[in-house]
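Chemist: Below you'll find entry.cif; it's mmCIF, C-alpha atoms.
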data_coords
loop_
_atom_site.label_atom_id
_atom_site.label_comp_id
_atom_site.auth_asym_id
_atom_site.auth_seq_id
_atom_site.Cartn_x
_atom_site.Cartn_y
_atom_site.Cartn_z
CA MET G 1 0.00 0.00 0.00
CA LEU G 2 2.86 2.36 0.87
CA PHE G 3 4.77 3.35 -2.23
CA LYS G 4 7.83 5.51 -2.85
CA ARG G 5 8.38 7.05 -6.23
CA GLU G 6 12.10 6.17 -6.09
CA GLU G 7 11.23 2.45 -6.13
CA ILE G 8 10.47 2.43 -9.86
CA ASP G 9 10.48 4.79 -12.80
CA PHE G 10 8.66 4.75 -16.12
CA ASP G 11 11.44 3.04 -18.05
CA ALA G 12 11.86 0.36 -15.37
CA LEU G 13 8.11 -0.26 -15.38
CA LEU G 14 8.17 -0.74 -19.15
CA ASP G 15 11.01 -3.24 -18.77
CA ILE G 16 9.06 -5.19 -16.11
CA LEU G 17 5.92 -5.30 -18.26
CA GLN G 18 7.91 -6.94 -21.06
CA THR G 19 8.83 -9.91 -18.84
CA PRO G 20 6.57 -12.98 -18.40
CA SER G 21 6.15 -12.30 -14.68
CA GLY G 22 5.25 -8.67 -15.35
CA LEU G 23 2.63 -9.67 -17.90
CA MET G 24 1.23 -12.23 -15.47
CA GLU G 25 0.99 -9.64 -12.70
CA SER G 26 -0.75 -7.22 -15.09
CA ALA G 27 -3.28 -9.89 -16.09
CA ILE G 28 -3.98 -10.70 -12.42
CA GLY G 29 -4.43 -7.01 -11.65
CA VAL G 30 -6.84 -6.50 -14.57
CA LEU G 31 -8.82 -9.56 -13.45
CA CYS G 32 -9.07 -8.18 -9.89
CA VAL G 33 -10.36 -4.83 -11.20
CA PHE G 34 -12.96 -6.56 -13.41
CA ILE G 35 -14.19 -8.65 -10.46
CA ALA G 36 -14.44 -5.51 -8.32
CA PHE G 37 -16.31 -3.75 -11.14
CA TYR G 38 -18.95 -6.50 -11.25
CA LEU G 39 -19.19 -6.42 -7.45
CA ALA G 40 -19.92 -2.68 -7.68
CA ARG G 41 -22.57 -3.34 -10.36
CA PHE G 42 -24.15 -5.99 -8.14
CA ALA G 43 -24.17 -3.62 -5.14
CA PHE G 44 -25.87 -0.91 -7.22
CA LYS G 45 -28.60 -3.25 -8.50
CA GLN G 46 -29.09 -4.70 -5.03
CA PHE G 47 -29.32 -1.49 -3.01
CA PHE G 48 -29.93 1.44 -5.40
CA ASP G 49 -31.68 0.19 -8.54
CA HIS G 50 -35.09 -0.11 -6.85
CA ASN G 51 -34.38 2.56 -4.22
CA PRO G 52 -32.86 5.53 -6.07
CA GLU G 53 -33.47 7.84 -3.08
CA ARG G 54 -30.61 6.05 -1.27
CA TYR G 55 -28.25 7.39 -3.91
CA GLU G 56 -28.88 10.92 -2.58
CA ARG G 57 -27.94 10.03 1.00
CA PHE G 58 -24.36 10.64 2.04
CA LEU G 59 -23.34 7.35 3.68
CA PRO G 60 -24.95 5.01 1.08
CA TYR G 61 -23.52 7.10 -1.73
CA VAL G 62 -20.00 7.14 -0.26
CA GLY G 63 -20.22 3.41 0.41
CA PHE G 64 -21.14 2.74 -3.20
CA ARG G 65 -18.30 4.96 -4.48
CA LEU G 66 -15.79 2.97 -2.39
CA VAL G 67 -16.95 -0.52 -3.40
CA LEU G 68 -14.86 -0.64 -6.58
CA PRO G 69 -11.49 0.60 -5.25
CA VAL G 70 -11.73 -1.20 -1.87
CA ALA G 71 -12.79 -4.52 -3.40
CA ALA G 72 -10.14 -4.27 -6.13
CA GLN G 73 -7.44 -3.41 -3.60
CA ALA G 74 -8.42 -6.30 -1.33
CA LEU G 75 -8.21 -8.72 -4.27
CA VAL G 76 -4.88 -7.24 -5.43
CA MET G 77 -3.38 -7.50 -1.94
CA LEU G 78 -4.49 -11.13 -1.64
CA SER G 79 -3.01 -11.86 -5.08
CA ARG G 80 0.24 -10.12 -4.15
CA SER G 81 0.52 -12.12 -0.90
CA ALA G 82 -0.11 -15.36 -2.80
CA TRP G 83 2.45 -14.36 -5.44
CA VAL G 84 5.15 -13.68 -2.83
CA HIS G 85 4.34 -16.83 -0.85
CA LEU G 86 4.35 -19.14 -3.87
CA LEU G 87 7.08 -17.64 -6.07
CA HIS G 88 9.23 -16.01 -3.35
CA GLU G 89 9.72 -12.83 -5.39
CA ARG G 90 8.41 -9.31 -5.10
CA ALA G 91 5.28 -8.49 -7.10
CA MET G 92 6.23 -4.96 -8.24
CA VAL G 93 3.29 -4.45 -10.62
CA LEU G 94 0.74 -5.63 -8.06
CA HIS G 95 2.40 -3.46 -5.41
CA LEU G 96 2.14 -0.41 -7.67
CA LEU G 97 -1.49 -1.23 -8.53
CA SER G 98 -2.33 -1.58 -4.83
CA ALA G 99 -0.96 1.91 -4.15
CA MET G 100 -2.97 3.33 -7.06
CA LEU G 101 -6.18 1.76 -5.75
CA PHE G 102 -5.46 3.04 -2.23
CA TRP G 103 -5.15 6.62 -3.49
CA LEU G 104 -8.23 6.18 -5.66
CA THR G 105 -10.13 5.27 -2.48
CA LEU G 106 -8.90 8.40 -0.67
CA ILE G 107 -9.59 10.66 -3.65
CA ARG G 108 -13.14 9.36 -4.11
CA LEU G 109 -13.81 9.74 -0.39
CA CYS G 110 -12.51 13.33 -0.28
CA CYS G 111 -14.46 14.37 -3.41
CA ALA G 112 -17.68 12.88 -2.01
CA VAL G 113 -17.18 14.73 1.30
CA VAL G 114 -16.55 18.01 -0.53
CA ARG G 115 -19.67 17.50 -2.66
CA GLN G 116 -21.73 16.84 0.46
CA ALA G 117 -20.33 19.91 2.27
CA LEU G 118 -21.07 22.35 -0.55
CA PRO G 119 -24.60 23.72 -1.15
CA LYS G 120 -26.74 21.52 -3.36
CA GLY G 121 -26.26 22.26 -7.04
CA ARG G 122 -22.81 23.86 -6.63
CA PHE G 123 -20.86 20.62 -7.14
CA GLU G 124 -22.71 18.14 -9.34
CA ARG G 125 -22.07 14.40 -9.36
CA HIS G 126 -20.58 14.48 -12.88
CA THR G 127 -18.15 17.20 -11.79
CA GLU G 128 -17.17 15.12 -8.78
CA HIS G 129 -16.44 12.06 -10.94
CA PHE G 130 -14.44 14.14 -13.41
CA LEU G 131 -12.37 15.78 -10.67
CA ALA G 132 -11.70 12.42 -8.96
CA THR G 133 -10.58 10.91 -12.27
CA VAL G 134 -8.23 13.81 -13.03
CA LEU G 135 -6.67 13.71 -9.56
CA TRP G 136 -6.18 9.95 -9.73
CA LEU G 137 -4.62 10.09 -13.19
CA GLY G 138 -2.31 12.81 -11.89
CA PHE G 139 -1.19 10.54 -9.06
CA VAL G 140 -0.71 7.60 -11.43
CA SER G 141 1.46 9.67 -13.77
CA TRP G 142 3.53 10.82 -10.79
CA ALA G 143 3.83 7.33 -9.31
CA ILE G 144 5.19 5.72 -12.46
CA GLY G 145 7.32 8.71 -13.44
CA PHE G 146 5.31 9.41 -16.57
CA ASP G 147 5.13 13.09 -15.66
CA MET G 148 8.89 13.45 -16.21
CA VAL G 149 8.53 11.90 -19.65
CA VAL G 150 5.76 14.36 -20.55
CA ILE G 151 7.75 17.30 -19.18
CA GLU G 152 10.84 16.37 -21.19
CA TRP G 153 8.70 15.96 -24.32
CA LEU G 154 7.05 19.37 -23.86
CA GLU G 155 10.41 21.05 -23.22
CA SER G 156 11.76 19.55 -26.43
CA MET G 157 9.03 21.34 -28.43
CA SER G 158 10.59 24.81 -28.36
CA PHE G 159 10.66 27.79 -30.70
CA SER G 160 11.88 31.39 -30.72
CA VAL G 161 9.79 34.56 -30.65
CA GLY G 162 12.19 37.39 -31.30
CA LYS G 163 14.94 37.06 -28.70
CA THR G 164 12.82 34.91 -26.38
CA ARG G 165 13.00 31.11 -26.42
CA LEU G 166 9.68 29.44 -25.60
CA ASN G 167 8.61 25.83 -25.24
CA MET G 168 5.26 24.09 -24.88
CA LEU G 169 5.77 23.52 -21.16
CA THR G 170 6.12 27.26 -20.54
CA ILE G 171 3.07 28.03 -22.67
CA LEU G 172 0.87 25.40 -20.99
CA ASN G 173 2.10 26.46 -17.56
CA GLY G 174 1.25 30.07 -18.38
CA LEU G 175 -2.19 29.17 -19.70
CA LEU G 176 -2.88 27.12 -16.57
CA TRP G 177 -1.94 29.91 -14.18
CA VAL G 178 -3.79 32.55 -16.20
CA SER G 179 -6.90 30.35 -16.26
CA ILE G 180 -6.72 29.81 -12.49
CA ILE G 181 -6.22 33.52 -11.78
CA VAL G 182 -9.02 34.54 -14.15
CA MET G 183 -11.43 31.98 -12.67
CA VAL G 184 -10.65 33.17 -9.13
CA ALA G 185 -11.08 36.80 -10.18
CA LEU G 186 -14.42 36.11 -11.90
CA TRP G 187 -15.63 34.13 -8.88
CA VAL G 188 -14.67 36.97 -6.54
CA SER G 189 -16.30 39.55 -8.85
CA ARG G 190 -19.55 37.54 -8.99
CA LEU G 191 -19.51 37.22 -5.20
CA ILE G 192 -18.96 40.96 -4.73
CA GLU G 193 -21.53 41.79 -7.42
CA SER G 194 -24.20 39.63 -5.77
CA ARG G 195 -23.49 41.29 -2.41
CA LEU G 196 -23.68 44.78 -3.92
CA LEU G 197 -26.91 44.07 -5.79
CA ASN G 198 -28.50 42.88 -2.53
CA LEU G 199 -27.82 46.19 -0.76
CA LYS G 200 -31.35 47.57 -0.92
CA GLN G 201 -30.39 50.83 0.80
CA LEU G 202 -28.33 51.87 -2.25
CA ASP G 203 -29.81 53.21 -5.47
CA PRO G 204 -30.15 50.43 -8.10
CA SER G 205 -28.10 52.36 -10.66
CA LEU G 206 -25.34 52.98 -8.12
CA ARG G 207 -25.27 49.27 -7.28
CA ILE G 208 -24.85 48.38 -10.96
CA VAL G 209 -22.08 50.98 -11.40
CA MET G 210 -20.18 49.69 -8.37
CA ALA G 211 -20.55 46.09 -9.55
CA LYS G 212 -19.24 46.89 -13.05
CA LEU G 213 -16.35 48.97 -11.69
CA THR G 214 -15.43 46.11 -9.36
CA ARG G 215 -15.34 43.61 -12.21
CA THR G 216 -13.28 45.97 -14.39
CA ILE G 217 -10.74 46.62 -11.62
CA LEU G 218 -10.43 42.90 -10.88
CA LEU G 219 -9.83 42.09 -14.56
CA VAL G 220 -7.09 44.76 -14.72
CA LEU G 221 -5.49 43.27 -11.59
CA VAL G 222 -5.68 39.83 -13.20
CA VAL G 223 -3.66 41.07 -16.15
CA LEU G 224 -1.09 42.74 -13.89
CA ILE G 225 -0.71 39.58 -11.79
CA ALA G 226 -0.89 36.98 -14.55
CA LEU G 227 1.74 38.51 -16.85
CA PRO G 228 4.65 38.32 -14.34
CA VAL G 229 3.55 34.82 -13.30
CA VAL G 230 3.97 33.50 -16.85
CA GLY G 231 7.25 35.39 -17.27
CA ILE G 232 6.05 38.28 -19.44
CA ASP G 233 7.48 41.71 -18.71
CA LEU G 234 4.92 44.38 -17.84
CA THR G 235 6.52 46.74 -20.34
CA VAL G 236 4.59 44.91 -23.04
CA LEU G 237 1.51 46.69 -21.70
CA SER G 238 2.73 49.86 -23.41
CA MET G 239 2.60 48.04 -26.74
CA PHE G 240 -0.80 46.61 -25.84
CA ALA G 241 -2.10 50.07 -24.95
CA SER G 242 -0.85 51.47 -28.24
CA ALA G 243 -2.56 48.66 -30.13
CA MET G 244 -5.79 49.28 -28.22
CA VAL G 245 -5.74 52.99 -29.03
CA PHE G 246 -5.12 52.16 -32.69
CA GLY G 247 -8.01 49.69 -32.64
CA LEU G 248 -10.33 52.16 -30.93
CA SER G 249 -9.60 54.71 -33.62
CA PHE G 250 -10.89 52.32 -36.29
CA GLY G 251 -13.02 49.29 -35.53
CA MET G 252 -13.86 49.67 -31.84
CA GLN G 253 -15.54 53.08 -31.73
CA LYS G 254 -18.97 51.54 -31.24
CA ILE G 255 -17.77 49.25 -28.46
CA ALA G 256 -16.06 52.10 -26.62
CA SER G 257 -19.07 54.37 -27.20
CA ASN G 258 -21.47 51.80 -25.77
CA PHE G 259 -19.20 51.16 -22.80
CA VAL G 260 -18.82 54.84 -21.91
CA SER G 261 -22.50 55.55 -22.61
CA GLY G 262 -23.49 52.73 -20.26
CA PHE G 263 -21.57 54.27 -17.37
CA ILE G 264 -22.97 57.74 -18.10
CA ILE G 265 -26.54 56.41 -18.13
CA LEU G 266 -25.99 54.64 -14.81
CA LEU G 267 -24.34 57.64 -13.17
CA ASP G 268 -26.89 60.29 -14.21
CA HIS G 269 -29.87 58.02 -13.24
CA SER G 270 -31.70 58.89 -16.46
CA ILE G 271 -32.65 55.23 -16.95
CA ARG G 272 -33.10 52.68 -14.18
CA ILE G 273 -34.17 49.08 -13.84
CA GLY G 274 -37.96 48.91 -14.06
CA ASP G 275 -38.43 52.14 -16.06
CA ARG G 276 -40.99 52.17 -18.86
CA LEU G 277 -39.32 53.47 -22.04
CA MET G 278 -40.43 54.28 -25.56
CA VAL G 279 -37.54 53.90 -28.00
CA GLU G 280 -38.26 54.17 -31.73
CA ASN G 281 -41.96 53.28 -31.36
CA ARG G 282 -41.16 50.34 -29.08
CA VAL G 283 -42.48 50.40 -25.53
CA GLY G 284 -41.17 48.16 -22.78
CA TYR G 285 -39.66 47.91 -19.33
CA VAL G 286 -35.95 47.93 -18.54
CA THR G 287 -35.10 44.50 -17.10
CA LYS G 288 -31.30 44.50 -17.41
CA MET G 289 -28.49 47.02 -17.96
CA THR G 290 -25.06 45.93 -19.17
CA SER G 291 -21.95 47.77 -20.32
CA ARG G 292 -23.06 47.39 -23.96
CA TYR G 293 -26.87 47.39 -24.09
CA VAL G 294 -30.12 47.74 -22.18
CA VAL G 295 -32.75 44.99 -22.27
CA LEU G 296 -36.22 46.37 -23.02
CA LYS G 297 -39.00 43.82 -22.41
CA GLY G 298 -42.31 44.46 -24.12
CA ALA G 299 -45.80 43.52 -22.98
CA ASP G 300 -45.79 40.56 -25.40
CA GLY G 301 -42.70 39.09 -23.73
CA THR G 302 -40.23 39.96 -26.49
CA GLU G 303 -36.95 41.53 -25.41
CA ALA G 304 -35.09 44.17 -27.40
CA LEU G 305 -31.38 44.81 -26.86
CA ILE G 306 -30.96 48.59 -27.18
CA PRO G 307 -27.30 49.72 -27.53
CA ASN G 308 -26.30 52.29 -24.93
CA ASP G 309 -25.18 54.86 -27.49
CA VAL G 310 -28.69 54.79 -29.03
CA LEU G 311 -30.11 55.83 -25.67
CA MET G 312 -27.55 58.64 -25.48
CA THR G 313 -27.94 60.08 -28.99
CA ASN G 314 -31.66 59.51 -29.72
CA THR G 315 -34.77 60.83 -28.05
CA VAL G 316 -35.99 58.39 -25.42
CA VAL G 317 -39.38 58.77 -23.73
CA ASN G 318 -39.10 57.66 -20.11
CA GLN G 319 -42.70 57.23 -19.01
CA SER G 320 -41.70 56.54 -15.41
CA TYR G 321 -38.83 58.99 -14.90
CA SER G 322 -40.26 60.84 -11.89
CA ASP G 323 -43.45 58.81 -11.29
CA LYS G 324 -44.27 55.38 -12.60
CA SER G 325 -48.02 56.08 -12.66
CA MET G 326 -49.33 56.39 -16.22
CA TRP G 327 -52.37 58.17 -17.64
CA THR G 328 -54.65 56.42 -20.10
CA SER G 329 -58.24 56.71 -21.25
CA LEU G 330 -61.21 54.55 -22.20
CA PRO G 331 -63.72 55.59 -24.92
CA VAL G 332 -67.46 55.06 -24.25
CA SER G 333 -70.47 55.95 -26.45
CA VAL G 334 -74.03 56.74 -25.27
CA ALA G 335 -77.24 57.38 -27.19
CA TYR G 336 -78.70 60.79 -27.86
CA GLY G 337 -81.13 61.76 -25.16
CA THR G 338 -78.88 60.41 -22.38
CA ASP G 339 -78.42 62.44 -19.19
CA LEU G 340 -74.76 63.28 -19.74
CA ASP G 341 -74.14 64.45 -16.16
CA LYS G 342 -75.41 61.12 -14.87
CA ALA G 343 -73.38 59.16 -17.45
CA LEU G 344 -70.17 60.99 -16.52
CA ALA G 345 -70.83 60.36 -12.83
CA LEU G 346 -71.34 56.66 -13.51
CA LEU G 347 -68.06 56.52 -15.41
CA GLN G 348 -66.22 57.97 -12.42
CA GLN G 349 -68.06 55.58 -10.09
CA ALA G 350 -66.96 52.60 -12.20
CA ALA G 351 -63.36 53.80 -12.10
CA SER G 352 -63.47 54.17 -8.29
CA THR G 353 -64.15 50.41 -7.96
CA GLN G 354 -60.81 49.44 -9.54
CA GLN G 355 -57.91 49.16 -7.09
CA ARG G 356 -55.25 49.69 -9.76
CA ILE G 357 -56.63 53.13 -10.67
CA VAL G 358 -55.18 56.08 -8.75
CA GLN G 359 -57.90 58.06 -6.93
CA ASP G 360 -55.78 61.20 -6.39
CA PRO G 361 -55.99 62.77 -8.89
CA ALA G 362 -59.43 61.26 -9.31
CA PRO G 363 -60.65 59.70 -12.60
CA ARG G 364 -62.68 62.08 -14.75
CA GLY G 365 -65.12 61.71 -17.62
CA PHE G 366 -65.17 63.95 -20.70
CA VAL G 367 -67.57 64.63 -23.55
CA THR G 368 -65.40 64.41 -26.66
CA LEU G 369 -67.70 64.37 -29.71
CA PHE G 370 -71.31 64.57 -30.89
CA ALA G 371 -71.12 61.91 -33.55
CA ASP G 372 -73.69 60.77 -36.16
CA SER G 373 -75.26 58.03 -34.05
CA SER G 374 -73.89 58.62 -30.57
CA ILE G 375 -72.37 60.98 -28.07
CA ASN G 376 -68.75 59.98 -27.50
CA LEU G 377 -67.45 60.09 -23.94
CA GLU G 378 -63.99 59.31 -22.61
CA LEU G 379 -62.91 58.24 -19.14
CA GLY G 380 -59.40 59.38 -18.24
CA PHE G 381 -57.52 57.94 -15.27
CA TRP G 382 -54.06 57.24 -13.84
CA VAL G 383 -52.84 53.64 -13.47
CA ALA G 384 -50.65 52.93 -10.43
CA ASP G 385 -48.95 49.82 -11.83
CA PRO G 386 -48.68 50.08 -15.62
CA GLU G 387 -46.09 47.27 -15.62
CA ASN G 388 -48.99 44.83 -15.08
CA GLY G 389 -50.58 45.81 -18.40
CA PHE G 390 -53.80 47.57 -19.39
CA MET G 391 -55.92 44.97 -21.17
CA GLY G 392 -57.18 43.24 -18.00
CA LEU G 393 -57.86 46.56 -16.30
CA LYS G 394 -59.80 47.97 -19.25
CA SER G 395 -61.81 44.76 -19.52
CA ASP G 396 -62.83 44.96 -15.85
CA LEU G 397 -63.62 48.66 -16.25
CA ASN G 398 -65.79 48.04 -19.32
CA MET G 399 -67.74 45.38 -17.42
CA ALA G 400 -68.28 47.73 -14.48
CA ILE G 401 -69.51 50.51 -16.82
CA TRP G 402 -71.83 48.06 -18.61
CA ARG G 403 -73.43 46.95 -15.36
CA LEU G 404 -73.91 50.50 -14.09
CA PHE G 405 -75.42 51.66 -17.39
CA GLN G 406 -77.79 48.66 -17.36
CA GLN G 407 -78.88 49.46 -13.80
CA HIS G 408 -79.59 53.12 -14.58
CA GLY G 409 -81.16 52.67 -18.01
CA ILE G 410 -78.44 54.33 -20.06
CA GLN G 411 -78.32 52.98 -23.58
CA MET G 412 -75.27 52.43 -25.72
CA PRO G 413 -76.13 53.20 -29.37
CA PHE G 414 -75.51 51.20 -32.49
CA PRO G 415 -75.22 52.67 -36.02
CA GLN G 416 -78.59 53.48 -37.60
CA ARG G 417 -79.48 54.65 -41.10
CA GLU G 418 -82.82 56.20 -42.13
CA ILE G 419 -83.91 55.88 -45.77
CA ARG G 420 -86.59 58.22 -47.19
CA ILE G 421 -88.36 57.67 -50.50
CA LEU G 422 -89.43 61.13 -51.69
CA ASN G 423 -91.38 60.02 -54.75
CA ASP G 424 -93.31 56.84 -54.00
CA LYS G 425 -95.67 57.08 -57.00
CA PRO G 426 -94.93 54.68 -59.83
CA GLN G 427 -94.16 56.31 -63.10
CA ASP G 428 -96.20 55.50 -66.21
#
Spell out the structure here as structure tokens.
Modeler:
Amino acid sequence: MLFKREEIDFDALLDILQTPSGLMESAIGVLCVFIAFYLARFAFKQFFDHNPERYERFLPYVGFRLVLPVAAQALVMLSRSAWVHLLHERAMVLHLLSAMLFWLTLIRLCCAVVRQALPKGRFERHTEHFLATVLWLGFVSWAIGFDMVVIEWLESMSFSVGKTRLNMLTILNGLLWVSIIVMVALWVSRLIESRLLNLKQLDPSLRIVMAKLTRTILLVLVVLIALPVVGIDLTVLSMFASAMVFGLSFGMQKIASNFVSGFIILLDHSIRIGDRLMVENRVGYVTKMTSRYVVLKGADGTEALIPNDVLMTNTVVNQSYSDKSMWTSLPVSVAYGTDLDKALALLQQAASTQQRIVQDPAPRGFVTLFADSSINLELGFWVADPENGFMGLKSDLNMAIWRLFQQHGIQMPFPQREIRILNDKPQD
């Protein structure tokens, strides 16, 4: 079970595997692993196949994960003992395989404990299996000395960039460290951003600005930290800055304009999350603000991505800039001969029954037109929550007006035409 790397290297292992005893040990080891695999399959069918809820419990799950490596190691150790007792020689391949299975047991146990300790959904079972496999393969490559072979092979693949000599090992090492630093920075930025967005005492626009500034600062720090780690001098940033300025002067004007416009919009509070906007005959509510665009969600559920520079250079109607309440009206027609004062009072009474309609200022009815077949009225009112739509409210209001008009005998007209025959005598 205990294994020292100095006991065997990759070349020595290859030499052992070419001998009859080495091949025999390998075959015995493979047979032990196959037997353990079928034991694990049997345990799953026996305990989990008809009771899948056990798979979600910690102890049954860990026990199942350890069946394969523990059973395989027990069989390998028994085989190694029998080999030494019968042949009186050391079973190097079985000894190495026993150490690998021992570390596979520890790695699976640790990964299962970590998965159980983290909140549900943060560390999925597939991720756990992948991580355990990668860690175990890393140990195997270290144990047999294969990592030194890979390192020497990567170092042999070298090339020159100017006066600098690079090899694949340096490049992969740099990519690894940059990826780790970037992932940590993005995780920290998401954590800080979630905390900032949950601070209800701050203005929503200010929270978004602080979150975006935090992410930008962290990304700049990532560059400043990652470049020295991979062996790149920070003086190359001057060349990078020159290239960026050159790019901004040509193909990146729109990107820079949207980025700057986004910060200006957030800082001057002209547009906020939840505002009702009219942009180029499109009406919707702001649901998300990014450094490049604003998401405008319409009443039909469609979402338009409006670039920030469009909001800066074009006329934008913010229907909820100082007050989210919105005025609208409802047309109603009554017949000639109707008591208009009574009809207008009934319109206001119907509006007073709707909770979504603001009562201060109070709804008011208007006489708008003496038409051919009717007198046209209009009920104007303020809606407290326009984000919930108008169709349902107007339907309820029409029903209330209909009932009140029916109760008080007020008729709603329909188009009528009167035909007169001036000469009804037949001609000879």
Chemist: Quick one: distance from atom CA of G:Ala132 to atom CA of G:Leu23 in Å, one decimal?
Modeler: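 Separation between atom CA of G:Ala132 and atom CA of G:Leu23: 27.8 Å.
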Chemist: Which distance in Å separates atom CA of G:Asn51 and atom CA of G:Gly63, to one decimal?
Modeler: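 Those two atoms sit 14.9 Å apart.
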Chemist: From the options G:Gln319, G:Asn173, G:Ser291, G:Ser373, which residue's atoms come nearest to G:Ser257, counting all atoms listed in the file?
Modeler: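 The shortest atom-to-atom distance to G:Ser257 comes from G:Ser291.
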Chemist: Quick one: pull the distance between atom CA of G:Val30 and atom CA of G:Leu109, Å, one decimal.
Modeler: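 If I compute the distance from atom CA of G:Val30 to atom CA of G:Leu109, I get 22.7 Å.
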Chemist: Quick one: of G:Ser322, G:Ser179, G:Asn376, G:Thr302, who's nearest to G:Leu344, counting only C-alpha atoms?
Modeler: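 Of G:Ser322, G:Ser179, G:Asn376, G:Thr302, the one nearest G:Leu344, counting only C-alpha atoms, is G:Asn376.
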Chemist: Which neighbours of G:Arg215 fall inside 6 Å, counting all atoms listed in the file, when residues of the same chain fewer than 3 positions from it are skipped, and could you give them as a list in words?
Modeler: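 Here the qualifying residues turn out to be Ser189, Lys212 and Leu218 of chain G.
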Chemist: Those selected residues, please, written with C-alpha atoms and delivered as a short mmCIF file (atom, residue, chain, number, x, y, z; two decimals), in the frame of the given file.
Modeler:
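Once everything was written out, this is result.cif:
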data_model
loop_
_atom_site.label_atom_id
_atom_site.label_comp_id
_atom_site.auth_asym_id
_atom_site.auth_seq_id
_atom_site.Cartn_x
_atom_site.Cartn_y
_atom_site.Cartn_z
CA SER G 189 -16.30 39.55 -8.85
CA LYS G 212 -19.24 46.89 -13.05
CA LEU G 218 -10.43 42.90 -10.88
#
Chemist: Applying 12 Å and only C-alpha atoms, which residues near G:Leu393 remain after dropping the ones on its own chain fewer than 6 positions away? List them as JSON, numbers by chain.
Modeler: {"G": [328, 329, 330, 350, 351, 353, 354, 355, 356, 357, 381, 382, 383, 384, 385, 386, 387, 399, 400]}
Chemist: Identify all residues satisfying the PyMOL selection byres ((chain G and resi 364) around 9) in the given file; provide them as number ranges by chain.
Modeler: G: 344-345, 347-348, 351, 361-363, 365-366, 378-381
Chemist: Which of these residues is nearest to G:Leu31, using only C-alpha atoms: G:Val220, G:Leu377, G:Leu86, G:Leu75?
Modeler: G:Leu75
Chemist: May I have the residues at most 6 Å from (-78.8, 55.0, -24.0) in the file's coordinates, counting all atoms listed in the file, as a PyMOL selection string?
Modeler: chain G and resi 334-335+338+410-412
Chemist: Which centre and edge lengths in Å to one decimal define the box along x, y and z that fits every listed atom of stretch 99-112 of chain G plus 3 Å per side, as lines of an AutoDock Vina configuration file?
Modeler:
center_x = -9.3
center_y = 8.1
center_z = -3.7
size_x = 22.7
size_y = 18.6
size_z = 12.8
Chemist: Find the residues with any atom within 9 Å of (-9.7, -1.8, -10.8); use all atoms listed in the file and the coordinates as given in the file, and write the answer as an MDAnalysis selection string.
Modeler: chainID G and resid 29:37 68:69 71:73 97 101
Chemist: Go through G:Arg90, G:His269, G:Arg115, G:Arg276 and flag the residue nearest G:Lys324, using only C-alpha atoms for the distances.
Modeler: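 Distance minimum relative to G:Lys324 lands on G:Arg276.
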Chemist: Which is closer to G:His408 than all the others in G:Leu17, G:Leu346, G:Cys110, G:Val184, using only C-alpha atoms?
Modeler: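 Ranking G:Leu17, G:Leu346, G:Cys110, G:Val184 by distance to G:His408, first place goes to G:Leu346.
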Chemist: Any chance you could work out the residue set of the PyMOL selection byres ((chain G and resi 79) around 9) here, as a list in words?
Modeler: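 Here the PyMOL selection byres ((chain G and resi 79) around 9) matches Glu25, Ile28, Gly29, Cys32, Ala74, Leu75, Val76, Met77, Leu78, Arg80, Ser81, Ala82, Trp83, Val84 and Leu94 of chain G.
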Chemist: Neighbouring residues of G:Arg108 were defined as those with any atom within 7 Å, considering all atoms listed in the file; residues of the same chain fewer than 3 positions away were excluded. Please report them as a list in words.
Modeler: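 Listed by chain and then number, they are Arg65, Leu104, Thr105, Cys111, Ala112 and Ala132 of chain G.
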